[in-house]
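One file, input-v6.cif, is given below (mmCIF, C-alpha atoms).
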data_entry
loop_
_atom_site.label_atom_id
_atom_site.label_comp_id
_atom_site.auth_asym_id
_atom_site.auth_seq_id
_atom_site.Cartn_x
_atom_site.Cartn_y
_atom_site.Cartn_z
CA MET F 1 8.38 2.00 -23.27
CA LYS F 2 4.91 0.51 -23.46
CA LEU F 3 2.14 0.56 -20.88
CA TYR F 4 -0.12 -2.44 -20.47
CA ASP F 5 -3.30 -0.66 -19.58
CA PHE F 6 -7.03 -1.11 -19.11
CA THR F 7 -8.91 2.13 -19.48
CA ARG F 8 -11.78 1.30 -17.14
CA ALA F 9 -9.64 0.12 -14.22
CA PRO F 10 -8.48 2.51 -11.49
CA SER F 11 -4.91 1.31 -10.93
CA PRO F 12 -3.62 1.95 -14.49
CA ARG F 13 -5.36 5.34 -14.44
CA ARG F 14 -3.05 6.33 -11.56
CA VAL F 15 -0.14 5.76 -13.93
CA ARG F 16 -1.80 7.49 -16.89
CA ILE F 17 -2.46 10.64 -14.85
CA PHE F 18 1.05 10.55 -13.39
CA ALA F 19 2.54 10.31 -16.90
CA ALA F 20 0.23 13.07 -18.19
CA GLU F 21 1.35 15.41 -15.39
CA LYS F 22 4.94 14.70 -16.46
CA GLY F 23 4.09 15.42 -20.09
CA LEU F 24 5.07 11.84 -20.95
CA SER F 25 3.24 10.12 -23.76
CA ILE F 26 3.62 6.34 -23.44
CA PRO F 27 2.26 3.97 -26.10
CA SER F 28 -0.18 1.53 -24.53
CA GLU F 29 -1.87 -1.79 -25.10
CA GLN F 30 -5.27 -2.63 -23.64
CA VAL F 31 -5.50 -5.78 -21.52
CA ASP F 32 -9.14 -6.64 -20.83
CA ILE F 33 -8.96 -7.73 -17.21
CA LEU F 34 -12.75 -8.29 -17.10
CA SER F 35 -12.41 -11.16 -19.58
CA GLY F 36 -9.39 -12.67 -17.82
CA LYS F 37 -6.72 -11.37 -20.21
CA ALA F 38 -4.45 -10.36 -17.32
CA ARG F 39 -4.42 -13.97 -16.04
CA THR F 40 -3.43 -15.89 -19.17
CA PRO F 41 -0.11 -17.80 -19.13
CA GLU F 42 1.24 -15.28 -21.67
CA PHE F 43 0.38 -12.33 -19.47
CA LEU F 44 1.59 -14.03 -16.26
CA ALA F 45 5.00 -14.26 -17.94
CA ILE F 46 4.89 -10.45 -18.10
CA ASN F 47 3.46 -9.95 -14.61
CA PRO F 48 3.41 -13.08 -12.42
CA ALA F 49 1.02 -11.35 -10.02
CA GLY F 50 -1.44 -10.74 -12.87
CA GLY F 51 -3.16 -7.44 -13.51
CA VAL F 52 -2.31 -4.07 -14.94
CA PRO F 53 -0.64 -1.61 -15.11
CA VAL F 54 2.66 -3.03 -16.29
CA LEU F 55 5.33 -0.88 -17.91
CA GLN F 56 7.60 -2.52 -20.45
CA LEU F 57 10.96 -0.77 -20.33
CA ASP F 58 13.12 -0.09 -23.36
CA ASP F 59 15.33 -3.09 -22.59
CA GLY F 60 12.27 -5.34 -22.79
CA SER F 61 11.93 -5.97 -19.05
CA TYR F 62 8.70 -5.35 -17.14
CA LEU F 63 7.75 -3.28 -14.13
CA ALA F 64 4.39 -3.78 -12.37
CA GLU F 65 2.50 -1.98 -9.57
CA SER F 66 1.37 1.59 -10.09
CA ASP F 67 3.51 3.10 -7.32
CA ALA F 68 6.64 1.41 -8.65
CA ILE F 69 5.94 2.62 -12.17
CA ALA F 70 5.33 6.15 -10.85
CA LEU F 71 8.66 6.09 -9.01
CA TYR F 72 10.44 4.99 -12.18
CA LEU F 73 8.79 7.76 -14.22
CA GLU F 74 9.68 10.34 -11.55
CA ARG F 75 13.36 9.36 -11.84
CA LEU F 76 13.14 9.34 -15.64
CA LYS F 77 11.56 12.80 -15.78
CA PRO F 78 11.99 14.58 -12.45
CA GLU F 79 9.89 17.64 -13.35
CA PRO F 80 7.21 18.50 -12.53
CA ASN F 81 8.01 16.85 -9.21
CA LEU F 82 5.22 14.64 -7.85
CA LEU F 83 6.99 12.58 -5.15
CA GLY F 84 8.78 15.27 -3.14
CA ARG F 85 12.11 17.08 -3.29
CA ASP F 86 13.78 16.65 0.10
CA PRO F 87 13.55 13.68 2.49
CA ARG F 88 10.99 15.37 4.68
CA GLU F 89 8.70 16.26 1.79
CA GLN F 90 9.14 12.82 0.17
CA ALA F 91 8.17 11.09 3.41
CA THR F 92 5.19 13.40 3.99
CA ILE F 93 3.81 12.81 0.50
CA LEU F 94 4.25 9.06 0.92
CA MET F 95 2.48 9.22 4.30
CA TRP F 96 -0.53 10.88 2.70
CA GLU F 97 -0.57 8.59 -0.27
CA ARG F 98 -0.54 5.58 2.03
CA ARG F 99 -3.34 7.01 4.16
CA ILE F 100 -5.51 7.53 1.08
CA GLU F 101 -4.63 4.14 -0.31
CA LEU F 102 -5.12 2.07 2.84
CA ASN F 103 -8.13 3.91 4.21
CA LEU F 104 -10.00 4.75 1.02
CA TYR F 105 -8.65 3.23 -2.20
CA ILE F 106 -8.46 -0.36 -0.96
CA ARG F 107 -11.88 -0.07 0.66
CA VAL F 108 -13.37 1.14 -2.64
CA LEU F 109 -11.78 -1.76 -4.52
CA GLN F 110 -13.03 -4.26 -1.95
CA ALA F 111 -16.55 -2.81 -1.85
CA PHE F 112 -16.56 -3.20 -5.64
CA GLN F 113 -15.08 -6.71 -5.62
CA HIS F 114 -17.48 -8.03 -3.00
CA GLY F 115 -20.58 -6.10 -4.03
CA HIS F 116 -20.68 -5.38 -7.75
CA PRO F 117 -22.07 -7.77 -10.41
CA LEU F 118 -19.21 -6.88 -12.79
CA ALA F 119 -16.69 -8.23 -10.26
CA ALA F 120 -18.54 -11.44 -9.42
CA ALA F 121 -16.78 -13.64 -11.98
CA ARG F 122 -13.30 -12.51 -10.91
CA ILE F 123 -13.55 -13.44 -7.24
CA LYS F 124 -14.07 -16.83 -5.60
CA LYS F 125 -16.98 -15.69 -3.48
CA GLN F 126 -18.60 -12.30 -3.06
CA ILE F 127 -19.33 -11.49 0.57
CA LYS F 128 -22.05 -8.86 0.41
CA ASP F 129 -21.83 -8.11 4.14
CA TYR F 130 -18.22 -7.15 3.64
CA ALA F 131 -19.05 -4.83 0.73
CA GLU F 132 -21.59 -3.15 3.01
CA PHE F 133 -19.03 -2.93 5.84
CA GLN F 134 -16.59 -1.20 3.50
CA ARG F 135 -19.24 1.16 2.10
CA ASP F 136 -19.94 2.33 5.65
CA ALA F 137 -16.22 2.77 6.32
CA ILE F 138 -15.85 4.78 3.10
CA VAL F 139 -18.49 7.26 4.30
CA GLU F 140 -16.45 7.78 7.48
CA GLN F 141 -13.17 8.06 5.59
CA LEU F 142 -14.56 10.67 3.21
CA ALA F 143 -15.63 12.75 6.20
CA TRP F 144 -12.15 12.35 7.67
CA THR F 145 -10.51 13.34 4.39
CA ASN F 146 -12.76 16.40 4.20
CA GLN F 147 -11.59 17.44 7.68
CA GLN F 148 -7.96 16.92 6.79
CA LEU F 149 -8.25 19.12 3.70
CA ALA F 150 -9.24 22.15 5.79
CA GLY F 151 -6.51 24.75 5.44
CA ARG F 152 -4.65 22.57 2.97
CA GLU F 153 -4.80 23.10 -0.76
CA PHE F 154 -3.90 19.55 -1.79
CA VAL F 155 -3.89 16.18 0.00
CA ALA F 156 -0.22 16.23 1.02
CA GLY F 157 0.18 20.00 1.38
CA PRO F 158 0.47 23.12 -0.75
CA ARG F 159 1.04 21.48 -4.10
CA PHE F 160 -0.31 18.72 -6.35
CA THR F 161 1.37 15.32 -5.76
CA ILE F 162 0.85 11.61 -6.29
CA ALA F 163 -1.40 11.62 -3.21
CA ASP F 164 -3.93 13.76 -5.13
CA ILE F 165 -3.81 11.36 -8.06
CA THR F 166 -4.59 8.36 -5.85
CA ALA F 167 -7.38 10.25 -4.08
CA MET F 168 -9.01 11.48 -7.31
CA VAL F 169 -8.82 8.05 -8.95
CA THR F 170 -10.36 6.51 -5.82
CA ILE F 171 -13.29 8.91 -5.83
CA ASP F 172 -13.93 8.67 -9.57
CA PHE F 173 -13.83 4.88 -9.54
CA GLY F 174 -15.97 4.73 -6.40
CA ARG F 175 -18.61 6.91 -8.04
CA GLN F 176 -18.44 4.95 -11.28
CA VAL F 177 -19.12 1.62 -9.55
CA GLU F 178 -21.53 3.23 -7.08
CA VAL F 179 -19.76 2.46 -3.84
CA LEU F 180 -19.46 6.10 -2.81
CA LYS F 181 -21.13 9.47 -3.26
CA LEU F 182 -19.67 12.87 -2.60
CA ASP F 183 -21.59 14.71 0.09
CA PRO F 184 -22.11 18.41 -0.82
CA ALA F 185 -21.70 19.19 2.91
CA HIS F 186 -18.04 18.18 2.55
CA ARG F 187 -16.97 21.59 1.31
CA GLU F 188 -13.23 21.08 1.57
CA LEU F 189 -13.36 17.81 -0.31
CA ALA F 190 -15.59 19.37 -3.01
CA ARG F 191 -13.24 22.34 -3.40
CA TRP F 192 -10.21 20.01 -3.72
CA TYR F 193 -12.06 17.62 -6.05
CA ASP F 194 -13.08 20.45 -8.41
CA ALA F 195 -9.49 21.67 -8.52
CA VAL F 196 -7.88 18.32 -9.31
CA SER F 197 -10.64 17.27 -11.71
CA SER F 198 -10.18 20.40 -13.79
CA ARG F 199 -6.51 19.64 -14.50
CA SER F 200 -5.93 18.39 -18.02
CA SER F 201 -4.33 15.20 -16.62
CA ALA F 202 -7.70 14.17 -15.17
CA SER F 203 -8.88 13.04 -18.60
CA ALA F 204 -5.98 10.56 -18.86
CA MET X 205 13.71 11.35 17.28
CA LYS X 206 11.17 9.20 19.10
CA LEU X 207 9.17 6.27 17.82
CA TYR X 208 5.60 5.74 18.98
CA ASP X 209 5.51 2.00 18.98
CA PHE X 210 3.49 -1.02 20.06
CA THR X 211 5.64 -4.10 20.36
CA ARG X 212 2.93 -6.64 19.54
CA ALA X 213 1.67 -4.92 16.37
CA PRO X 214 3.12 -5.74 12.93
CA SER X 215 3.30 -2.30 11.37
CA PRO X 216 5.68 -0.71 13.93
CA ARG X 217 7.81 -3.85 13.77
CA ARG X 218 8.46 -3.07 10.10
CA VAL X 219 10.02 0.20 11.26
CA ARG X 220 11.94 -1.37 14.15
CA ILE X 221 13.55 -3.94 11.86
CA PHE X 222 14.31 -1.29 9.24
CA ALA X 223 16.01 0.87 11.89
CA ALA X 224 17.90 -2.12 13.29
CA GLU X 225 19.25 -2.97 9.82
CA LYS X 226 20.47 0.63 9.60
CA GLY X 227 22.10 0.39 13.01
CA LEU X 228 19.81 3.18 14.24
CA SER X 229 18.70 3.12 17.84
CA ILE X 230 15.55 5.24 18.25
CA PRO X 231 14.03 5.86 21.68
CA SER X 232 10.44 4.67 21.76
CA GLU X 233 7.20 5.02 23.66
CA GLN X 234 4.62 2.25 23.81
CA VAL X 235 1.07 3.12 22.71
CA ASP X 236 -1.32 0.34 23.66
CA ILE X 237 -3.53 0.19 20.59
CA LEU X 238 -5.51 -2.73 22.03
CA SER X 239 -6.87 -0.48 24.78
CA GLY X 240 -7.61 2.41 22.41
CA LYS X 241 -4.58 4.55 23.27
CA ALA X 242 -3.92 5.31 19.56
CA ARG X 243 -7.43 6.81 19.23
CA THR X 244 -7.47 9.30 22.10
CA PRO X 245 -7.79 13.03 21.27
CA GLU X 246 -4.20 13.50 22.45
CA PHE X 247 -2.89 10.83 20.13
CA LEU X 248 -5.04 11.93 17.18
CA ALA X 249 -3.27 15.31 17.46
CA ILE X 250 -0.05 13.36 16.79
CA ASN X 251 -1.50 11.12 14.07
CA PRO X 252 -4.98 12.13 12.85
CA ALA X 253 -5.37 8.73 11.20
CA GLY X 254 -4.75 7.02 14.55
CA GLY X 255 -2.41 4.08 14.98
CA VAL X 256 1.29 3.45 15.23
CA PRO X 257 4.08 3.68 14.17
CA VAL X 258 4.62 7.43 14.32
CA LEU X 259 8.08 8.98 14.27
CA GLN X 260 8.56 12.26 16.07
CA LEU X 261 11.28 14.20 14.30
CA ASP X 262 13.83 16.36 16.05
CA ASP X 263 11.90 19.54 15.22
CA GLY X 264 8.88 18.12 17.06
CA SER X 265 6.81 17.28 13.97
CA TYR X 266 5.35 13.83 13.33
CA LEU X 267 5.59 11.33 10.52
CA ALA X 268 3.19 8.36 10.32
CA GLU X 269 2.93 5.24 8.10
CA SER X 270 5.67 2.65 8.20
CA ASP X 271 6.74 3.08 4.55
CA ALA X 272 7.03 6.85 4.95
CA ILE X 273 9.10 6.45 8.11
CA ALA X 274 11.33 3.90 6.35
CA LEU X 275 11.90 6.31 3.46
CA TYR X 276 12.86 9.07 5.88
CA LEU X 277 15.31 6.77 7.71
CA GLU X 278 16.82 5.65 4.39
CA ARG X 279 17.53 9.28 3.50
CA LEU X 280 18.88 9.97 6.98
CA LYS X 281 21.19 6.97 6.92
CA PRO X 282 21.62 5.69 3.35
CA GLU X 283 23.71 2.64 4.26
CA PRO X 284 23.08 -0.22 4.34
CA ASN X 285 20.75 0.51 1.43
CA LEU X 286 17.28 -1.05 1.77
CA LEU X 287 15.24 0.84 -0.85
CA GLY X 288 17.44 0.56 -3.95
CA ARG X 289 20.31 2.50 -5.47
CA ASP X 290 19.36 3.34 -9.05
CA PRO X 291 15.87 4.08 -10.46
CA ARG X 292 15.46 0.58 -11.82
CA GLU X 293 16.38 -1.12 -8.56
CA GLN X 294 14.29 1.31 -6.50
CA ALA X 295 11.24 0.61 -8.64
CA THR X 296 11.80 -3.16 -8.57
CA ILE X 297 12.06 -3.23 -4.78
CA LEU X 298 8.93 -1.11 -4.48
CA MET X 299 7.10 -3.44 -6.88
CA TRP X 300 7.91 -6.42 -4.69
CA GLU X 301 7.10 -4.64 -1.48
CA ARG X 302 3.71 -3.65 -2.89
CA ARG X 303 3.01 -7.21 -4.06
CA ILE X 304 3.75 -8.59 -0.60
CA GLU X 305 1.78 -5.87 1.09
CA LEU X 306 -1.34 -5.97 -1.09
CA ASN X 307 -1.49 -9.72 -1.61
CA LEU X 308 -0.32 -10.97 1.77
CA TYR X 309 0.15 -8.35 4.51
CA ILE X 310 -3.27 -6.70 4.13
CA ARG X 311 -4.97 -10.09 3.88
CA VAL X 312 -3.30 -11.18 7.14
CA LEU X 313 -4.40 -7.98 8.89
CA GLN X 314 -7.97 -8.39 7.62
CA ALA X 315 -8.15 -12.08 8.52
CA PHE X 316 -7.06 -11.04 12.02
CA GLN X 317 -9.44 -8.08 12.25
CA HIS X 318 -12.46 -10.05 11.09
CA GLY X 319 -11.67 -13.36 12.74
CA HIS X 320 -9.71 -12.96 15.96
CA PRO X 321 -11.25 -12.35 19.40
CA LEU X 322 -8.49 -9.84 20.26
CA ALA X 323 -9.58 -7.63 17.36
CA ALA X 324 -13.34 -7.79 18.02
CA ALA X 325 -13.51 -4.66 20.16
CA ARG X 326 -11.60 -2.53 17.64
CA ILE X 327 -13.87 -3.11 14.66
CA LYS X 328 -17.55 -2.24 14.14
CA LYS X 329 -18.53 -5.72 13.06
CA GLN X 330 -16.48 -8.86 12.54
CA ILE X 331 -17.44 -10.69 9.37
CA LYS X 332 -16.25 -14.24 9.93
CA ASP X 333 -16.92 -15.27 6.33
CA TYR X 334 -14.52 -12.61 5.21
CA ALA X 335 -11.81 -13.78 7.60
CA GLU X 336 -12.25 -17.26 6.14
CA PHE X 337 -12.13 -15.87 2.57
CA GLN X 338 -8.83 -14.14 3.37
CA ARG X 339 -7.35 -17.21 5.09
CA ASP X 340 -7.98 -19.17 1.90
CA ALA X 341 -6.40 -16.42 -0.20
CA ILE X 342 -3.37 -16.36 2.09
CA VAL X 343 -2.77 -20.08 1.45
CA GLU X 344 -2.71 -19.35 -2.29
CA GLN X 345 -0.50 -16.32 -1.90
CA LEU X 346 2.04 -18.23 0.19
CA ALA X 347 2.25 -20.84 -2.59
CA TRP X 348 2.73 -18.03 -5.13
CA THR X 349 5.42 -16.41 -3.02
CA ASN X 350 7.19 -19.77 -2.69
CA GLN X 351 7.22 -20.09 -6.49
CA GLN X 352 8.53 -16.57 -6.94
CA LEU X 353 11.42 -17.21 -4.55
CA ALA X 354 12.79 -20.00 -6.75
CA GLY X 355 16.18 -18.92 -8.05
CA ARG X 356 16.01 -15.72 -6.04
CA GLU X 357 17.81 -15.24 -2.75
CA PHE X 358 15.56 -12.52 -1.36
CA VAL X 359 12.06 -11.25 -2.21
CA ALA X 360 13.16 -8.42 -4.51
CA GLY X 361 16.33 -10.05 -5.86
CA PRO X 362 19.86 -10.85 -4.75
CA ARG X 363 19.97 -8.78 -1.58
CA PHE X 364 17.99 -8.07 1.57
CA THR X 365 15.58 -5.11 1.19
CA ILE X 366 12.46 -3.59 2.70
CA ALA X 367 10.41 -6.19 0.79
CA ASP X 368 11.94 -8.92 2.98
CA ILE X 369 11.07 -6.98 6.11
CA THR X 370 7.42 -6.65 5.10
CA ALA X 371 7.25 -10.32 4.13
CA MET X 372 8.86 -11.56 7.35
CA VAL X 373 6.67 -9.35 9.54
CA THR X 374 3.60 -10.59 7.66
CA ILE X 375 4.46 -14.23 8.22
CA ASP X 376 5.42 -13.80 11.86
CA PHE X 377 2.26 -11.86 12.67
CA GLY X 378 0.11 -14.29 10.68
CA ARG X 379 1.53 -17.21 12.65
CA GLN X 380 1.17 -15.38 15.96
CA VAL X 381 -2.54 -14.69 15.40
CA GLU X 382 -3.06 -18.06 13.74
CA VAL X 383 -4.24 -16.95 10.33
CA LEU X 384 -1.44 -18.71 8.48
CA LYS X 385 0.90 -21.68 8.73
CA LEU X 386 4.09 -22.27 6.83
CA ASP X 387 3.86 -25.42 4.72
CA PRO X 388 7.11 -27.47 4.87
CA ALA X 389 6.52 -28.36 1.19
CA HIS X 390 7.24 -24.71 0.38
CA ARG X 391 11.00 -25.21 0.33
CA GLU X 392 11.92 -21.88 -1.21
CA LEU X 393 9.84 -19.95 1.27
CA ALA X 394 11.28 -21.97 4.17
CA ARG X 395 14.85 -21.37 2.98
CA TRP X 396 14.20 -17.62 2.66
CA TYR X 397 12.35 -17.46 5.98
CA ASP X 398 15.20 -19.18 7.83
CA ALA X 399 17.68 -16.73 6.31
CA VAL X 400 15.79 -13.55 7.18
CA SER X 401 14.73 -14.80 10.61
CA SER X 402 18.33 -15.48 11.59
CA ARG X 403 19.39 -11.87 11.03
CA SER X 404 19.90 -9.95 14.25
CA SER X 405 17.33 -7.36 13.12
CA ALA X 406 14.58 -10.01 13.33
CA SER X 407 14.50 -9.66 17.10
CA ALA X 408 13.61 -5.97 16.83
#
Would you write the structure of this file as structure tokens?
Amino acid sequence: MKLYDFTRAPSPRRVRIFAAEKGLSIPSEQVDILSGKARTPEFLAINPAGGVPVLQLDDGSYLAESDAIALYLERLKPEPNLLGRDPREQATILMWERRIELNLYIRVLQAFQHGHPLAAARIKKQIKDYAEFQRDAIVEQLAWTNQQLAGREFVAGPRFTIADITAMVTIDFGRQVEVLKLDPAHRELARWYDAVSSRSSASA
Amino acid sequence: MKLYDFTRAPSPRRVRIFAAEKGLSIPSEQVDILSGKARTPEFLAINPAGGVPVLQLDDGSYLAESDAIALYLERLKPEPNLLGRDPREQATILMWERRIELNLYIRVLQAFQHGHPLAAARIKKQIKDYAEFQRDAIVEQLAWTNQQLAGREFVAGPRFTIADITAMVTIDFGRQVEVLKLDPAHRELARWYDAVSSRSSASA
């Protein structure tokens, strides 16, 4: 297998952390999305939607989208389990991952895309009002996430799952591109963030 | 089980079609999201993120997010299979569902939220430029989807899956709220759309 990766982007980091938690070491190739390398005809033959991560499988075929790659890796190496064991737990973890993704991750990406100078060349038109709208929504969503973490060790329940990976990647990327700050008053979020950030997978 | 539903909204329709394909008949209760009924304290106790669909399980607990509910129903009633049989097929279907969702479904929802009078009261501020930006992107994404359907019977490959449900719901909702039109020149998309729309589940 080979992972088409870009170290500075959040979506491939979801896959790198997932693989690290599994103890999987996957050779990778950097694709500089900032200079358009994920949109060349050669790369569109690998992933017609453009972008990374893409996992090349051992038969030479390609799998894109971080959640799809994570699912494949979970089946390939079931332990440690990150997507749930029984139907109820699988659905609950997916529910939390979707909540984090739709309410926080996508907002962070859009606040970056529409507000950050680094993203200006990769989008037809930056709408600064929209970046501001999403920054405000992110503040609310972080407060909501803090509330939800009360009495709950990890995002989806008592153990570390893919939902924690998505949430940590969201927060780290959001801080890096300055579209969010962690509020020290959010004690539950800070406690959770310290715990997930101190795992060895966090450096992936 | 009971489904908290709102007939006019796209997200619960994804679940209704999924259940119909499975031959599952789930009693439902309407939650009028347009009048704020999915944001009352009573409903936030059911789904702290607000919104529908929510599935109440037989033990009284609740499961939100359409993908999570679909996964639970797939485990409950594995046939007809809609999420893939082996790891490779499961990951491929998820890849396509994510492409449709991120590149088309979310854009349609945002074009609606930021551009449609019906959505004005449910959002802090409508940014009309952003609705326009997304409408333009939707035109491009429909052309891309049309290309991808060449030589492919359904969105994720040779059989009907959850990716087709998400794509059909996206197009129907987009047409209903007038943020997209199907272009007759998109022959592959038209052929696929006719096929999925003529299934009995489409009326769910």
Using atom CA of F:Ser200 and atom CA of F:Ala19 as the two end points, give the distance in Å to one decimal. 11.8 Å
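With distances taken over all atoms listed in the file, F:Ser201 is the one residue among F:Arg39, F:Leu118, F:Ser201, F:Leu82 lying closest to F:Ser25.
Nearest residue to F:Leu73 among F:Arg191, F:Arg199, F:Arg14, F:Lys22 is F:Lys22, counting all atoms listed in the file.
Here the PyMOL selection byres ((chain X and resi 311) around 10) catches exactly these residues: Ile304, Glu305, Leu306, Asn307, Leu308, Tyr309, Ile310, Val312, Leu313, Gln314, Ala315, Phe316, Gln317, Tyr334, Ala335, Phe337, Gln338, Arg339, Asp340, Ala341, Ile342, Gln345, Thr374, Gly378 and Val383 of chain X.
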Would you mind listing, as a ChimeraX atom specification, all residues of chain X that have at least one atom within 10 Å of chain F, where all atoms listed in the file are what counts? /X:252-253,261,266-280,290-303,306-307,310,318,328-334,337,340-341,345,348-349,351-352
Evaluate the PyMOL selection byres ((chain X and resi 217) around 10) and record the selected residues as a PyMOL selection string, following the chain and residue labels used in the document. chain X and resi 209-216+218-223+256-257+270+369-370+373+377+406-408
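The interatomic distance for the pair atom CA of X:Leu393 and atom CA of X:Leu287 works out to 21.6 Å.
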Quick one: pull the distance between atom CA of F:Gly51 and atom CA of X:Glu344, Å, one decimal. 16.4 Å
For the structure shown, which residues end up in the PyMOL selection byres ((chain F and resi 154-160) around 7)? Put them as a PyMOL selection string, please? chain F and resi 92-93+96+149+152-153+161+163-164+192
Of the candidates X:Glu382, X:Met372, X:Ser239, X:Val400, which one gets nearest to X:Glu336 if we count all atoms listed in the file? X:Glu382
Contacts of X:Ala389 within 10 Å, all atoms listed in the file, excl. fewer than 3 positions in-chain, as a PyMOL selection string: chain X and resi 347+350+386+392-394
Please determine an axis-aligned box that encloses all atoms of stretch 56-64 of chain F listed in the file, with 8 Å added on each side, and express its centre and edge lengths in Å to one decimal as JSON.
{"center_x": 9.9, "center_y": -3.0, "center_z": -17.9, "size_x": 26.9, "size_y": 21.9, "size_z": 27.0}
